[in-house]
Every structure is written in C-alpha cells, then in structure tokens.
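The file target30.txt contains compact mmCIF, C-alpha atoms:
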# COMPACT_ATOMS: atom_id res chain seq x y z
CA LEU A 1 192.02 -47.58 -47.53
CA ASP A 2 195.12 -48.41 -45.49
CA THR A 3 195.54 -44.73 -44.63
CA VAL A 4 192.02 -44.28 -43.20
CA SER A 5 192.07 -44.35 -39.41
CA LEU A 6 189.15 -44.68 -37.03
CA TYR A 7 189.52 -41.00 -36.21
CA ASP A 8 189.30 -40.20 -39.95
CA LEU A 9 186.06 -42.19 -40.09
CA TYR A 10 184.65 -40.35 -37.07
CA ARG A 11 185.60 -37.02 -38.66
CA LEU A 12 183.71 -38.03 -41.79
CA ILE A 13 180.65 -38.76 -39.66
CA ILE A 14 180.73 -35.53 -37.64
CA ASP A 15 181.59 -33.44 -40.71
CA ASN A 16 179.39 -35.04 -43.36
CA ARG A 17 176.44 -36.55 -41.51
CA ARG A 18 175.28 -33.55 -39.52
CA ASP A 19 171.71 -33.70 -40.81
CA GLU A 20 171.47 -37.41 -40.09
CA LEU A 21 172.83 -36.94 -36.55
CA ARG A 22 170.28 -34.17 -35.90
CA GLN A 23 167.45 -36.22 -37.39
CA ALA A 24 168.37 -39.18 -35.21
CA ALA A 25 168.44 -36.95 -32.13
CA GLU A 26 165.02 -35.55 -33.02
CA LEU A 27 163.64 -39.06 -33.48
CA VAL A 28 165.01 -40.19 -30.13
CA ALA A 29 163.79 -37.04 -28.39
CA THR A 30 160.20 -37.72 -29.42
CA GLY A 31 160.34 -40.56 -26.93
CA GLU A 32 157.31 -42.49 -25.95
CA GLU A 33 155.00 -39.64 -26.88
CA GLY A 34 155.88 -40.02 -30.56
CA GLY A 35 156.37 -43.75 -30.36
CA ALA A 36 160.13 -43.65 -30.98
CA LEU A 37 161.05 -45.66 -27.89
CA PRO A 38 162.18 -48.29 -27.46
CA LEU A 39 164.61 -47.71 -30.30
CA LEU A 40 167.35 -49.91 -31.73
CA VAL A 41 170.42 -48.12 -33.06
CA HIS A 42 173.12 -50.28 -34.61
CA CYS A 43 175.81 -50.75 -37.22
CA THR A 44 178.27 -53.56 -37.91
CA HIS A 45 180.25 -53.19 -34.69
CA GLY A 46 178.02 -50.76 -32.84
CA LYS A 47 180.97 -48.45 -32.19
CA ASP A 48 181.59 -46.30 -35.25
CA ARG A 49 178.43 -44.85 -36.80
CA THR A 50 176.42 -45.94 -33.79
CA GLY A 51 179.24 -45.01 -31.42
CA VAL A 52 179.47 -41.44 -32.65
CA LEU A 53 175.68 -40.98 -32.53
CA VAL A 54 175.29 -42.54 -29.11
CA ALA A 55 178.29 -40.63 -27.73
CA LEU A 56 176.71 -37.36 -28.86
CA LEU A 57 173.28 -38.35 -27.48
CA LEU A 58 174.82 -39.30 -24.14
CA TYR A 59 176.77 -36.05 -24.05
CA ALA A 60 173.57 -34.14 -24.86
CA CYS A 61 171.97 -35.85 -21.84
CA GLY A 62 174.74 -34.67 -19.53
CA VAL A 63 176.82 -37.87 -19.33
CA SER A 64 180.50 -37.10 -18.79
CA GLU A 65 183.06 -37.68 -21.53
CA GLU A 66 184.88 -40.09 -19.23
CA GLU A 67 181.78 -42.23 -18.78
CA ILE A 68 180.99 -42.14 -22.51
CA ILE A 69 184.53 -43.17 -23.43
CA SER A 70 184.55 -45.88 -20.76
CA ASP A 71 181.37 -47.33 -22.25
CA TYR A 72 182.73 -47.03 -25.80
CA VAL A 73 185.88 -49.07 -25.06
CA LEU A 74 183.69 -52.00 -24.01
CA SER A 75 183.19 -52.55 -27.77
CA HIS A 76 186.86 -53.39 -28.19
CA GLU A 77 186.71 -56.99 -27.01
CA TRP A 78 183.93 -58.07 -29.38
CA GLY A 79 185.19 -55.91 -32.24
CA CYS A 80 188.62 -57.54 -32.08
CA SER A 81 187.23 -61.06 -31.72
CA VAL A 82 187.28 -63.48 -34.65
CA GLU A 83 183.55 -62.96 -35.11
CA GLY A 84 183.87 -59.17 -34.92
CA LYS A 85 186.62 -59.13 -37.52
CA TRP A 86 184.61 -61.42 -39.80
CA HIS A 87 181.59 -59.10 -39.59
CA ALA A 88 183.78 -56.09 -40.33
CA ARG A 89 185.14 -57.73 -43.48
CA GLN A 90 181.66 -58.80 -44.59
CA SER A 91 180.38 -55.24 -44.21
CA LEU A 92 182.86 -53.97 -46.79
CA PRO A 93 181.73 -53.57 -50.38
CA SER A 94 182.41 -56.81 -52.28
CA SER A 95 184.69 -54.93 -54.68
CA VAL A 96 187.21 -54.25 -51.89
CA ARG A 97 186.36 -56.94 -49.33
CA GLU A 98 189.33 -59.19 -50.11
CA ARG A 99 191.72 -56.36 -50.95
CA VAL A 100 191.77 -54.79 -47.48
CA ASP A 101 194.80 -56.05 -45.59
CA GLN A 102 194.02 -57.82 -42.31
CA SER A 103 196.23 -55.43 -40.33
CA VAL A 104 194.14 -52.50 -41.58
CA LEU A 105 190.92 -54.30 -40.74
CA ASP A 106 192.29 -55.15 -37.29
CA ARG A 107 192.83 -51.43 -36.58
CA TRP A 108 189.29 -50.62 -37.73
CA CYS A 109 187.90 -53.24 -35.34
CA GLU A 110 189.46 -51.65 -32.28
CA ALA A 111 187.73 -49.25 -29.90
CA PRO A 112 190.57 -47.33 -28.24
CA GLU A 113 189.60 -44.56 -25.85
CA SER A 114 191.99 -42.21 -27.66
CA VAL A 115 189.79 -42.08 -30.77
CA LEU A 116 186.65 -40.87 -29.04
CA ALA A 117 188.72 -38.57 -26.80
CA GLN A 118 190.30 -37.09 -29.93
CA MET A 119 186.87 -36.55 -31.46
CA PHE A 120 185.63 -34.69 -28.38
CA ALA A 121 188.85 -32.61 -28.29
CA ALA A 122 188.43 -31.68 -31.97
CA LEU A 123 184.85 -30.56 -31.35
CA ARG A 124 185.96 -28.38 -28.44
CA GLU A 125 188.79 -26.90 -30.51
CA GLU A 126 186.68 -26.18 -33.59
CA PHE A 127 183.36 -25.21 -32.00
CA GLY A 128 184.44 -23.98 -28.56
CA SER A 129 182.70 -26.91 -26.89
CA VAL A 130 180.86 -30.11 -27.70
CA GLU A 131 177.67 -28.15 -27.06
CA GLY A 132 178.84 -25.66 -29.72
CA TYR A 133 179.02 -28.47 -32.25
CA LEU A 134 175.63 -29.80 -31.18
CA ASP A 135 174.14 -26.31 -31.58
CA GLU A 136 175.80 -25.99 -35.00
CA ILE A 137 174.13 -29.16 -36.29
CA GLY A 138 170.73 -28.34 -34.80
CA ILE A 139 170.86 -30.32 -31.57
CA THR A 140 169.99 -27.18 -29.64
CA LYS A 141 169.80 -26.65 -25.90
CA ASP A 142 166.03 -27.24 -26.03
CA LEU A 143 166.49 -30.48 -27.97
CA ARG A 144 169.21 -31.57 -25.52
CA GLN A 145 166.83 -30.94 -22.64
CA GLN A 146 164.15 -32.94 -24.42
CA LEU A 147 166.64 -35.79 -24.99
CA ALA A 148 167.63 -35.77 -21.33
CA SER A 149 163.97 -35.80 -20.28
CA THR A 150 163.20 -38.68 -22.62
CA LEU A 151 166.26 -40.81 -21.99
CA THR A 152 167.08 -40.32 -18.33
CA VAL A 153 165.43 -40.66 -14.98
CA PRO A 154 166.10 -38.26 -12.10
CA ALA A 155 168.72 -39.53 -9.65
Could you quickly redo this structure as structure tokens?
Amino acid sequence: LDTVSLYDLYRLIIDNRRDELRQAAELVATGEEGGALPLLVHCTHGKDRTGVLVALLLYACGVSEEEIISDYVLSHEWGCSVEGKWHARQSLPSSVRERVDQSVLDRWCEAPESVLAQMFAALREEFGSVEGYLDEIGITKDLRQQLASTLTVPA
C-alpha cells in the first residue's frame, strides 16, 4: 500500500468506475423532476471518490479546471487534521488498518492541486479532452447539458 499514490487512486476510479460515474451523473441530471435533488454525495474525506465525481460533474457543467482544483484543495486542511487522519485510518479494512504506516496515510489525506491537475491532464492526453473521456463513459453532450441545466442557474 505504501506505493499507492493519490493519483493512482484517482486513476483506478476513472479507469474502473466508469459505469458508476455515468450512473451518478444520470441520477444527478434527473434533478428535481426525478426527485434526485437535493442530493448528498460523500466519502470518508469527500475528496477522493467524491472529489473525482464532483470534479467531473463540475467540468460537465462548464466550470473551469482552475475553479474545480481551487475548490478541491479546500479539502486539504480538514483531511490533514487529526480528525481527518483518524477517519482515514478507520475507513481502512480492519485487516490492514494498523499496518499502514502513518506517513503513507498522511499522503493519502492530502488534497494537493497537482493530483487533480494530473488527472485532468491524463484525460486530455488519452481521450483528446476531458469531454472525450466523458463521452467515452456515457456522459454525453446531451447529458452534460442536462447536468448544467439541473445544477446551475444562468448568470
């Protein structure tokens, strides 16, 4: 486990949870019509599984990468707090909970802008754009428009 970085975790999510990401986007896009809003999305720190999903939803709504990353790094303070680190350890399977070195856990609790920036860069490199990745997993242009309509208000 000491070789798994946050970026590795985010790659696992974007590579292996495509259906779940699309399903979540479809659920959110149904909005008030389908009764999906308000909606609570969370995980232990609210920055990894949730962070990847919310980053993609925000991107689908037209929010800039810079704004998404700026919002993401706000998770760093709580994640690196004593309470945040305790929750991270408790979320591990009991079979490994006490075997994970604190320095490894500390790195997992961080929310550095470089990790999300690296994820967006990888999507652009591999799919031509973040939109290309979204299309690939079924978050199509129509679904992105529906998300934007559901989640945003005109300026």
- Task: Fewer than 4 positions away in the same chain doesn't count, so skip those; otherwise give me all residues within 10 Å of region 81-90 of chain A, counting only C-alpha atoms, as a ChimeraX atom specification.
- Result: /A:44-45,75-77,94,96-98,100,102,105-110
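Relative to CA of Thr30 (chain A), CA of Tyr10 (chain A) is found at 25.8 Å.
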- Val63 (chain A): which residues within 12 Å, counting all atoms listed in the file, same-chain residues fewer than 4 positions away excluded, as a list in words?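 Listing them by chain and then by number gives Val54, Ala55, Leu56, Leu57, Leu58, Tyr59, Glu67, Ile68, Ile69, Ser70, Asp71, Arg144, Leu147, Ala148, Leu151 and Thr152 of chain A.
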- Item | Counting only C-alpha atoms, the option among A:Leu134, A:Ala24, A:Ala29, A:Cys80 closest to Val41 (chain A) |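 Under the stated criterion, the closest residue is A:Ala24.
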- Message: With 12 Å as the threshold, what does the neighbourhood of (185.8, -30.3, -26.8) contain in terms of residues, counting all atoms listed in the file? Coordinates are those of the file; answer as a count of residues only.
- Response: 23
- Message: Please compute the CA of Asp135 (chain A)-CA of Ser5 (chain A) distance, one decimal, in Å.
- Response: 26.6 Å
- Just give me the gap between CA of Asp8 (chain A) and CA of Val73 (chain A) in Å, one decimal is fine.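 If I compute the distance from CA of Asp8 (chain A) to CA of Val73 (chain A), I get 17.7 Å.
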- Message: Measuring between all atoms listed in the file, which one of A:Val104, A:Leu53, A:Leu92, A:Val153 shows the shortest distance to Leu21 (chain A)?
- Response: A:Leu53
